[in-house]
$ cat final.pdb   # PDB, C-alpha atoms and all ligand atoms
ATOM      1  CA  MET A   1     -83.642  -9.129  -3.652
ATOM      2  CA  LYS A   2     -86.822  -9.933  -5.492
ATOM      3  CA  THR A   3     -89.134  -7.845  -7.623
ATOM      4  CA  LEU A   4     -92.680  -8.882  -6.816
ATOM      5  CA  PRO A   5     -95.586  -8.685  -9.274
ATOM      6  CA  ILE A   6     -98.109  -5.942  -8.493
ATOM      7  CA  TYR A   7    -101.732  -7.013  -8.045
ATOM      8  CA  THR A   8    -104.063  -4.772 -10.011
ATOM      9  CA  TYR A   9    -107.653  -3.578  -9.644
ATOM     10  CA  GLY A  10    -109.914  -6.638  -9.902
ATOM     11  CA  PHE A  11    -107.939  -8.884  -7.548
ATOM     12  CA  GLU A  12    -110.044  -9.524  -4.450
ATOM     13  CA  VAL A  13    -107.074  -9.141  -2.110
ATOM     14  CA  LEU A  14    -107.185  -5.369  -2.777
ATOM     15  CA  ARG A  15    -110.677  -5.261  -1.269
ATOM     16  CA  LYS A  16    -109.962  -7.255   1.893
ATOM     17  CA  LYS A  17    -109.384  -5.839   5.328
ATOM     18  CA  THR A  18    -105.871  -6.961   6.240
ATOM     19  CA  ARG A  19    -104.831  -9.091   9.229
ATOM     20  CA  LYS A  20    -102.814  -7.677  12.100
ATOM     21  CA  ILE A  21     -99.124  -8.653  12.217
ATOM     22  CA  THR A  22     -98.191 -10.176  15.582
ATOM     23  CA  LYS A  23     -94.785 -11.684  14.792
ATOM     24  CA  VAL A  24     -91.753 -10.341  12.937
ATOM     25  CA  ASP A  25     -89.456 -13.075  11.623
ATOM     26  CA  ASP A  26     -86.729 -13.219   8.946
ATOM     27  CA  LYS A  27     -89.370 -13.903   6.313
ATOM     28  CA  LEU A  28     -91.140 -10.654   7.108
ATOM     29  CA  ILE A  29     -87.866  -8.684   7.126
ATOM     30  CA  ASP A  30     -87.109 -10.162   3.689
ATOM     31  CA  LEU A  31     -90.580  -9.239   2.518
ATOM     32  CA  VAL A  32     -90.074  -5.617   3.608
ATOM     33  CA  ARG A  33     -86.800  -5.474   1.633
ATOM     34  CA  ASN A  34     -88.498  -6.970  -1.412
ATOM     35  CA  MET A  35     -91.377  -4.502  -1.100
ATOM     36  CA  PHE A  36     -88.970  -1.529  -1.073
ATOM     37  CA  ASN A  37     -87.163  -3.007  -4.078
ATOM     38  CA  THR A  38     -90.436  -3.613  -5.958
ATOM     39  CA  MET A  39     -91.683  -0.109  -5.185
ATOM     40  CA  HIS A  40     -88.442   1.599  -6.232
ATOM     41  CA  LYS A  41     -88.279  -0.360  -9.506
ATOM     42  CA  ALA A  42     -91.845   0.711 -10.299
ATOM     43  CA  ASN A  43     -91.034   4.340  -9.422
ATOM     44  CA  GLY A  44     -93.620   4.131  -6.665
ATOM     45  CA  ILE A  45     -93.640   6.134  -3.441
ATOM     46  CA  GLY A  46     -95.724   3.747  -1.344
ATOM     47  CA  LEU A  47     -96.624   0.065  -1.450
ATOM     48  CA  ALA A  48     -99.050  -1.871   0.739
ATOM     49  CA  ALA A  49     -99.000  -5.654   1.241
ATOM     50  CA  PRO A  50    -102.327  -6.293  -0.591
ATOM     51  CA  GLN A  51    -100.683  -4.830  -3.709
ATOM     52  CA  ILE A  52     -98.329  -7.816  -3.746
ATOM     53  CA  GLY A  53    -101.162 -10.219  -2.922
ATOM     54  CA  LEU A  54    -100.838 -10.426   0.868
ATOM     55  CA  ASP A  55    -103.650  -9.596   3.300
ATOM     56  CA  ILE A  56    -101.426  -8.390   6.140
ATOM     57  CA  SER A  57    -101.254  -4.932   7.702
ATOM     58  CA  LEU A  58     -97.920  -3.731   6.325
ATOM     59  CA  THR A  59     -96.919  -0.815   4.152
ATOM     60  CA  VAL A  60     -93.663   0.783   3.044
ATOM     61  CA  ILE A  61     -93.290   4.413   2.026
ATOM     62  CA  ASP A  62     -90.368   6.301   0.493
ATOM     63  CA  ILE A  63     -90.700   9.751  -1.017
ATOM     64  CA  SER A  64     -87.065  10.765  -0.383
ATOM     65  CA  HIS A  65     -86.186  10.621  -4.106
ATOM     66  CA  ILE A  66     -88.785  13.282  -4.916
ATOM     67  CA  GLU A  67     -87.424  16.797  -5.304
ATOM     68  CA  GLY A  68     -87.931  18.802  -2.133
ATOM     69  CA  GLN A  69     -88.869  15.696  -0.081
ATOM     70  CA  GLU A  70     -85.325  14.429   0.605
ATOM     71  CA  LYS A  71     -85.680  14.933   4.358
ATOM     72  CA  ASN A  72     -88.438  12.332   4.649
ATOM     73  CA  ASP A  73     -86.924   9.049   5.807
ATOM     74  CA  PRO A  74     -88.438   5.843   4.403
ATOM     75  CA  LEU A  75     -91.190   4.431   6.616
ATOM     76  CA  VAL A  76     -92.181   0.855   7.431
ATOM     77  CA  LEU A  77     -95.589   0.794   9.115
ATOM     78  CA  LEU A  78     -96.986  -2.331  10.761
ATOM     79  CA  ASN A  79    -100.632  -2.295  11.848
ATOM     80  CA  PRO A  80    -101.011   1.481  11.282
ATOM     81  CA  LYS A  81    -104.126   3.361  12.332
ATOM     82  CA  ILE A  82    -105.037   7.004  11.831
ATOM     83  CA  THR A  83    -106.031   8.296  15.263
ATOM     84  CA  ASP A  84    -106.669  11.940  14.391
ATOM     85  CA  SER A  85    -106.706  14.227  11.369
ATOM     86  CA  TYR A  86    -106.865  17.940  10.585
ATOM     87  CA  GLY A  87    -107.484  20.212   7.637
ATOM     88  CA  GLU A  88    -108.221  19.348   4.047
ATOM     89  CA  THR A  89    -106.261  19.373   0.795
ATOM     90  CA  THR A  90    -106.858  18.221  -2.754
ATOM     91  CA  ILE A  91    -103.956  16.433  -4.444
ATOM     92  CA  GLU A  92    -103.752  14.271  -7.558
ATOM     93  CA  GLU A  93    -103.228  10.574  -6.765
ATOM     94  CA  GLY A  94    -102.297   7.511  -8.724
ATOM     95  CA  CYS A  95    -101.768   3.895  -7.697
ATOM     96  CA  LEU A  96     -99.441   1.136  -8.911
ATOM     97  CA  SER A  97    -102.487  -1.195  -8.767
ATOM     98  CA  ILE A  98    -104.516   1.112 -11.036
ATOM     99  CA  PRO A  99    -102.066   1.935 -13.854
ATOM    100  CA  HIS A 100    -102.431   5.147 -15.888
ATOM    101  CA  ILE A 101    -105.338   6.607 -13.894
ATOM    102  CA  ARG A 102    -104.653   9.807 -11.958
ATOM    103  CA  GLU A 103    -107.357  11.868 -10.296
ATOM    104  CA  SER A 104    -107.665  14.616  -7.689
ATOM    105  CA  VAL A 105    -108.595  13.375  -4.229
ATOM    106  CA  THR A 106    -109.556  15.455  -1.185
ATOM    107  CA  ARG A 107    -108.279  14.206   2.169
ATOM    108  CA  PRO A 108    -107.127  15.606   5.527
ATOM    109  CA  GLU A 109    -103.894  17.594   5.331
ATOM    110  CA  GLU A 110    -102.429  16.358   8.603
ATOM    111  CA  VAL A 111    -102.727  12.959  10.291
ATOM    112  CA  TYR A 112    -101.692  11.321  13.531
ATOM    113  CA  ILE A 113    -100.771   7.671  13.082
ATOM    114  CA  GLU A 114    -100.307   4.923  15.622
ATOM    115  CA  TYR A 115     -98.299   1.961  14.303
ATOM    116  CA  GLN A 116     -95.720  -0.674  15.208
ATOM    117  CA  ASP A 117     -92.142  -0.774  13.972
ATOM    118  CA  LEU A 118     -90.185  -3.889  12.951
ATOM    119  CA  ASP A 119     -89.471  -4.624  16.636
ATOM    120  CA  LEU A 120     -93.228  -4.441  17.249
ATOM    121  CA  ASN A 121     -92.717  -1.347  19.400
ATOM    122  CA  LYS A 122     -95.704   0.980  19.446
ATOM    123  CA  LYS A 123     -94.961   4.327  17.755
ATOM    124  CA  TYR A 124     -96.805   7.540  17.040
ATOM    125  CA  ILE A 125     -96.097   9.976  14.220
ATOM    126  CA  GLU A 126     -97.590  13.208  13.036
ATOM    127  CA  LEU A 127     -97.446  13.675   9.274
ATOM    128  CA  SER A 128     -98.364  16.650   7.147
ATOM    129  CA  SER A 129     -98.252  17.660   3.479
ATOM    130  CA  TYR A 130     -97.146  15.135   0.862
ATOM    131  CA  ILE A 131     -95.976  12.283   3.143
ATOM    132  CA  SER A 132     -99.295  12.526   4.998
ATOM    133  CA  ARG A 133    -101.112  12.044   1.710
ATOM    134  CA  VAL A 134     -99.049   8.979   0.766
ATOM    135  CA  ALA A 135     -99.569   7.418   4.212
ATOM    136  CA  GLN A 136    -103.341   7.943   4.009
ATOM    137  CA  HIS A 137    -103.456   6.299   0.578
ATOM    138  CA  GLU A 138    -101.456   3.301   1.867
ATOM    139  CA  ILE A 139    -103.461   2.895   5.078
ATOM    140  CA  ASP A 140    -106.609   2.871   2.916
ATOM    141  CA  HIS A 141    -105.119  -0.143   1.079
ATOM    142  CA  LEU A 142    -104.828  -1.988   4.406
ATOM    143  CA  ASN A 143    -108.567  -1.488   4.893
ATOM    144  CA  GLY A 144    -109.515  -2.705   1.420
ATOM    145  CA  LYS A 145    -109.999   0.826   0.146
ATOM    146  CA  LEU A 146    -108.667   2.400  -3.066
ATOM    147  CA  PHE A 147    -108.249   6.056  -4.018
ATOM    148  CA  ILE A 148    -110.986   5.713  -6.649
ATOM    149  CA  ASP A 149    -113.480   5.151  -3.803
ATOM    150  CA  HIS A 150    -113.020   8.835  -2.881
ATOM    151  CA  LEU A 151    -114.011  10.160  -6.315
ATOM    152  CA  SER A 152    -117.277  11.838  -7.270
ATOM    153  CA  LYS A 153    -119.962   9.905  -9.174
ATOM    154  CA  GLU A 154    -119.139  11.902 -12.301
ATOM    155  CA  THR A 155    -115.428  11.129 -12.166
ATOM    156  CA  LYS A 156    -116.141   7.475 -11.419
ATOM    157  CA  SER A 157    -118.334   7.162 -14.484
ATOM    158  CA  ARG A 158    -115.683   8.927 -16.621
ATOM    159  CA  ILE A 159    -113.037   6.315 -15.696
ATOM    160  CA  LYS A 160    -115.419   3.327 -15.666
ATOM    161  CA  GLN A 161    -114.224   1.990 -19.024
ATOM    162  CA  ASP A 162    -110.538   2.231 -18.096
ATOM    163  CA  LEU A 163    -111.216   0.421 -14.830
ATOM    164  CA  SER A 164    -113.049  -2.384 -16.586
ATOM    165  CA  HIS A 165    -110.061  -2.800 -18.925
ATOM    166  CA  ILE A 166    -107.724  -3.108 -15.939
ATOM    167  CA  LYS A 167    -110.082  -5.668 -14.392
ATOM    168  CA  LYS A 168    -109.847  -7.769 -17.553
ATOM    169  CA  GLY A 169    -106.062  -7.520 -17.611
ATOM    170  CA  LEU A 170    -106.106  -5.262 -20.680
ATOM    171  CA  VAL A 171    -103.446  -2.966 -19.268
ATOM    172  CA  MET A 172     -99.710  -2.586 -19.605
ATOM    173  CA  ALA A 173     -97.244  -1.020 -17.219
ATOM    174  CA  ASP A 174     -93.472  -0.616 -17.215
ATOM    175  CA  TYR A 175     -93.320  -2.784 -14.083
ATOM    176  CA  LEU A 176     -94.286  -6.396 -13.397
ATOM    177  CA  LEU A 177     -98.032  -7.051 -13.007
ATOM    178  CA  ALA A 178     -99.656 -10.157 -11.524
ATOM    179  CA  ASP A 179    -101.529 -12.126 -14.202
ATOM    180  CA  ILE A 180    -105.214 -11.468 -13.676
ATOM    181  CA  ALA A 181    -106.098 -13.915 -16.474
ATOM    182  CA  LYS A 182    -104.847 -16.744 -14.254
ATOM    183  CA  LYS A 183    -107.235 -15.637 -11.550
ATOM    184  CA  ASP A 184    -110.137 -15.793 -14.007
ATOM    185  CA  LYS A 185    -109.090 -19.236 -15.230
ATOM    186  CA  ALA A 186    -109.070 -20.498 -11.660
ATOM    187  CA  ILE A 187    -112.642 -19.275 -11.255
ATOM    188  CA  ASP A 188    -113.675 -20.880 -14.567
ATOM    189  CA  LYS A 189    -112.274 -24.230 -13.451
ATOM    190  CA  ARG A 190    -114.254 -24.066 -10.229
ATOM    191  CA  LYS A 191    -117.402 -23.515 -12.269
ATOM    192  CA  ILE A 192    -116.716 -26.591 -14.406
ATOM    193  CA  TYR A 193    -115.996 -28.849 -11.453
ATOM    194  CA  SER A 194    -119.079 -27.753  -9.572
ATOM    195  CA  GLY A 195    -121.068 -28.976 -12.550
ATOM    196  CA  SER A 196    -122.607 -25.657 -13.572
TER     197      SER A 196
HETATM  198 ZN    ZN B   1    -102.224   2.526  -4.153
END
$ encode --input "final.pdb" --output "structure tokens" --more "lines below"
Ligand code: ZN
Amino acid sequence: MKTLPIYTYGFEVLRKKTRKITKVDDKLIDLVRNMFNTMHKANGIGLAAPQIGLDISLTVIDISHIEGQEKNDPLVLLNPKITDSYGETTIEEGCLSIPHIRESVTRPEEVYIEYQDLDLNKKYIELSSYISRVAQHEIDHLNGKLFIDHLSKETKSRIKQDLSHIKKGLVMADYLLADIAKKDKAIDKRKIYSGS
């Protein structure tokens, strides 16, 4: 099993709307295993494909190691969509792609999700409380959205500096991060070759 580098804030793939998955082959099954492995090693509770650099509609979730959440089986969601939501709660969120920043986010308390499983069968689930929150955060990722997009202007300006550091690659984490400096070098090269 592989541990995949996590793409951080600043990588364009985190801002892209993902493509629908229409075929499940051995490669995808392997990818799902590697995503669970990567997430567990990083002590994460959810991981979406853009966070490992892929613009496909896939996310894995596992909160079963959290105290009091043992009954929640791990989830693999292909092409998930929130079809309905109820209530409102405010919970603190963080993100493996935005290391060290945690802020309170208000979202619906309960969601209905339509998705496909690894056999591409259509499924429906109703989630509430903590697992609902994690699923909403992950489904946001599949639409190019990050939890910081839900914050107030004031909070956004308070964390602006930290975000700009992450964008420049000036961040450390106790898990493997994709090298954002390489991305910048690639852009620099393009500039040189285009003659500007
Ligand atoms: Zn996240």
$ atom_distance --input "final.pdb" --atom1 "atom CA of Gly10 of chain A" --atom2 "atom CA of Gly169 of chain A"
8.7 Å
$ closest_atom_pairs --input "final.pdb" --of "chain A" --to "ligand ZN 1 (chain B)" --cutoff "6 Å" --atoms "all atoms listed in the file" --output "Markdown table"
| residue | atom | partner | partner_atom | distance |
| --- | --- | --- | --- | --- |
| A:Cys95 | CA | B:ZN1 | ZN | 3.8 |
| A:Leu96 | CA | B:ZN1 | ZN | 5.7 |
| A:Ser97 | CA | B:ZN1 | ZN | 5.9 |
$ closest_residue --input "final.pdb" --among "A:Thr89, A:Thr18, A:Thr38, A:Gln161" --to "Thr106 of chain A" --atoms "all atoms listed in the file"
A:Thr89
$ closest_residue --input "final.pdb" --among "A:Lys160, A:Ile91, A:Ala181, A:Leu118" --to "Leu28 of chain A" --atoms "all atoms listed in the file"
A:Leu118
$ atom_distance --input "final.pdb" --atom1 "atom CA of Ile21 of chain A" --atom2 "atom CA of Leu78 of chain A"
6.8 Å
$ closest_residue --input "final.pdb" --among "A:Val32, A:Val111, A:Val171, A:Leu177" --to "Gln136 of chain A" --atoms "all atoms listed in the file"
A:Val111
$ closest_atom_pairs --input "final.pdb" --of "segment 95-166 of chain A" --to "segment 48-54 of chain A" --cutoff "12 Å" --atoms "only C-alpha atoms" --output "Markdown table"
| residue | atom | partner | partner_atom | distance |
| --- | --- | --- | --- | --- |
| A:Cys95 | CA | A:Gln51 | CA | 9.7 |
| A:Leu96 | CA | A:Gln51 | CA | 8.0 |
| A:Ser97 | CA | A:Gln51 | CA | 6.5 |
| A:Ile98 | CA | A:Gln51 | CA | 10.2 |
| A:Val134 | CA | A:Ala48 | CA | 10.9 |
| A:Ala135 | CA | A:Ala48 | CA | 9.9 |
| A:Gln136 | CA | A:Ala48 | CA | 11.2 |
| A:His137 | CA | A:Ala48 | CA | 9.3 |
| A:Glu138 | CA | A:Ala48 | CA | 5.8 |
| A:Ile139 | CA | A:Ala48 | CA | 7.8 |
| A:Asp140 | CA | A:Ala48 | CA | 9.2 |
| A:His141 | CA | A:Ala48 | CA | 6.3 |
| A:Leu142 | CA | A:Ala48 | CA | 6.8 |
| A:Asn143 | CA | A:Pro50 | CA | 9.6 |
| A:Gly144 | CA | A:Pro50 | CA | 8.3 |
| A:Lys145 | CA | A:Pro50 | CA | 10.5 |
| A:Leu146 | CA | A:Gln51 | CA | 10.8 |
$ resolve_selection --input "final.pdb" --expression "the PyMOL selection byres (((chain A and resi 93) around 7) and not hetatm)" --output "list in words"
Ile91, Glu92, Gly94, Cys95, Arg102, Glu103, Ser104 and Val105 of chain A
$ resolve_selection --input "final.pdb" --expression "the PyMOL selection byres (((chain A and resi 129) around 12) and not hetatm)" --output "number ranges by chain"
A: 63, 68-69, 72, 86-91, 107-111, 126-128, 130-136
$ write_last_selection --input "final.pdb" --atoms "C-alpha atoms" --output "CSV table (one decimal), in the frame of the given file"
chain,number,residue,atom,x,y,z
A,63,ILE,CA,-90.7,9.8,-1.0
A,68,GLY,CA,-87.9,18.8,-2.1
A,69,GLN,CA,-88.9,15.7,-0.1
A,72,ASN,CA,-88.4,12.3,4.6
A,86,TYR,CA,-106.9,17.9,10.6
A,87,GLY,CA,-107.5,20.2,7.6
A,88,GLU,CA,-108.2,19.3,4.0
A,89,THR,CA,-106.3,19.4,0.8
A,90,THR,CA,-106.9,18.2,-2.8
A,91,ILE,CA,-104.0,16.4,-4.4
A,107,ARG,CA,-108.3,14.2,2.2
A,108,PRO,CA,-107.1,15.6,5.5
A,109,GLU,CA,-103.9,17.6,5.3
A,110,GLU,CA,-102.4,16.4,8.6
A,111,VAL,CA,-102.7,13.0,10.3
A,126,GLU,CA,-97.6,13.2,13.0
A,127,LEU,CA,-97.4,13.7,9.3
A,128,SER,CA,-98.4,16.6,7.1
A,130,TYR,CA,-97.1,15.1,0.9
A,131,ILE,CA,-96.0,12.3,3.1
A,132,SER,CA,-99.3,12.5,5.0
A,133,ARG,CA,-101.1,12.0,1.7
A,134,VAL,CA,-99.0,9.0,0.8
A,135,ALA,CA,-99.6,7.4,4.2
A,136,GLN,CA,-103.3,7.9,4.0
$ atom_distance --input "final.pdb" --atom1 "atom CA of Ile125 of chain A" --atom2 "atom CA of Ile113 of chain A"
5.3 Å
$ decode --input "final.pdb" --residues "segment 105-196 of chain A" --atoms "C-alpha atoms" --output "tab-separated table (two decimals), in the first residue's frame"
chain	number	residue	atom	x	y	z
A	105	VAL	CA	-18.07	26.40	10.29
A	106	THR	CA	-21.88	26.45	10.19
A	107	ARG	CA	-23.53	23.84	7.98
A	108	PRO	CA	-26.71	21.73	7.88
A	109	GLU	CA	-26.93	19.14	10.66
A	110	GLU	CA	-28.48	16.39	8.56
A	111	VAL	CA	-27.96	15.52	4.89
A	112	TYR	CA	-29.36	13.11	2.34
A	113	ILE	CA	-26.72	11.89	-0.10
A	114	GLU	CA	-27.07	10.10	-3.40
A	115	TYR	CA	-23.89	8.32	-4.51
A	116	GLN	CA	-22.52	5.23	-6.23
A	117	ASP	CA	-20.65	2.40	-4.53
A	118	LEU	CA	-17.63	0.53	-5.92
A	119	ASP	CA	-19.96	-1.61	-8.06
A	120	LEU	CA	-21.42	1.62	-9.44
A	121	ASN	CA	-24.75	0.81	-7.80
A	122	LYS	CA	-26.80	3.87	-6.92
A	123	LYS	CA	-27.18	4.32	-3.15
A	124	TYR	CA	-28.86	6.76	-0.81
A	125	ILE	CA	-27.84	7.53	2.77
A	126	GLU	CA	-29.08	9.83	5.46
A	127	LEU	CA	-26.33	11.18	7.71
A	128	SER	CA	-26.54	13.26	10.84
A	129	SER	CA	-24.18	14.69	13.47
A	130	TYR	CA	-20.43	14.28	13.04
A	131	ILE	CA	-20.35	11.93	10.02
A	132	SER	CA	-22.73	14.30	8.22
A	133	ARG	CA	-20.27	17.13	8.82
A	134	VAL	CA	-17.32	15.14	7.47
A	135	ALA	CA	-19.28	14.09	4.37
A	136	GLN	CA	-20.30	17.69	3.65
A	137	HIS	CA	-16.68	18.84	3.93
A	138	GLU	CA	-15.54	16.08	1.53
A	139	ILE	CA	-18.32	16.65	-1.01
A	140	ASP	CA	-17.32	20.33	-1.02
A	141	HIS	CA	-13.82	19.21	-2.09
A	142	LEU	CA	-15.34	17.42	-5.09
A	143	ASN	CA	-16.88	20.73	-6.16
A	144	GLY	CA	-13.66	22.72	-5.79
A	145	LYS	CA	-14.76	24.17	-2.47
A	146	LEU	CA	-12.80	24.39	0.80
A	147	PHE	CA	-14.02	24.91	4.36
A	148	ILE	CA	-12.38	28.35	4.45
A	149	ASP	CA	-14.89	29.48	1.80
A	150	HIS	CA	-17.60	29.27	4.49
A	151	LEU	CA	-15.86	31.66	6.90
A	152	SER	CA	-16.81	35.26	7.64
A	153	LYS	CA	-14.84	38.14	6.10
A	154	GLU	CA	-13.30	38.86	9.50
A	155	THR	CA	-12.11	35.30	10.04
A	156	LYS	CA	-10.80	35.12	6.48
A	157	SER	CA	-8.71	38.23	6.97
A	158	ARG	CA	-7.39	36.88	10.31
A	159	ILE	CA	-6.04	33.72	8.62
A	160	LYS	CA	-4.92	35.44	5.40
A	161	GLN	CA	-1.23	35.41	6.33
A	162	ASP	CA	-1.25	31.72	7.29
A	163	LEU	CA	-2.97	30.85	4.03
A	164	SER	CA	-0.42	32.76	1.99
A	165	HIS	CA	2.36	30.85	3.77
A	166	ILE	CA	0.72	27.54	2.85
A	167	LYS	CA	0.39	28.74	-0.75
A	168	LYS	CA	4.14	29.39	-0.85
A	169	GLY	CA	4.92	25.99	0.63
A	170	LEU	CA	6.07	27.52	3.92
A	171	VAL	CA	4.27	24.90	5.99
A	172	MET	CA	5.19	21.67	7.69
A	173	ALA	CA	2.99	18.75	8.63
A	174	ASP	CA	3.64	15.36	10.20
A	175	TYR	CA	2.42	13.72	6.98
A	176	LEU	CA	3.69	13.80	3.40
A	177	LEU	CA	2.88	16.99	1.44
A	178	ALA	CA	3.09	17.45	-2.33
A	179	ASP	CA	5.88	19.87	-3.26
A	180	ILE	CA	4.24	23.15	-4.19
A	181	ALA	CA	7.63	24.64	-5.12
A	182	LYS	CA	7.76	22.24	-8.07
A	183	LYS	CA	4.44	23.57	-9.27
A	184	ASP	CA	5.80	27.13	-9.17
A	185	LYS	CA	8.96	26.12	-11.03
A	186	ALA	CA	6.85	24.57	-13.77
A	187	ILE	CA	5.01	27.87	-14.15
A	188	ASP	CA	8.29	29.81	-14.20
A	189	LYS	CA	9.63	27.61	-16.99
A	190	ARG	CA	6.53	28.24	-19.06
A	191	LYS	CA	7.10	31.97	-18.67
A	192	ILE	CA	10.69	31.68	-19.91
A	193	TYR	CA	9.79	29.58	-22.93
A	194	SER	CA	6.97	31.85	-23.97
A	195	GLY	CA	9.55	34.61	-24.18
A	196	SER	CA	8.13	36.90	-21.50
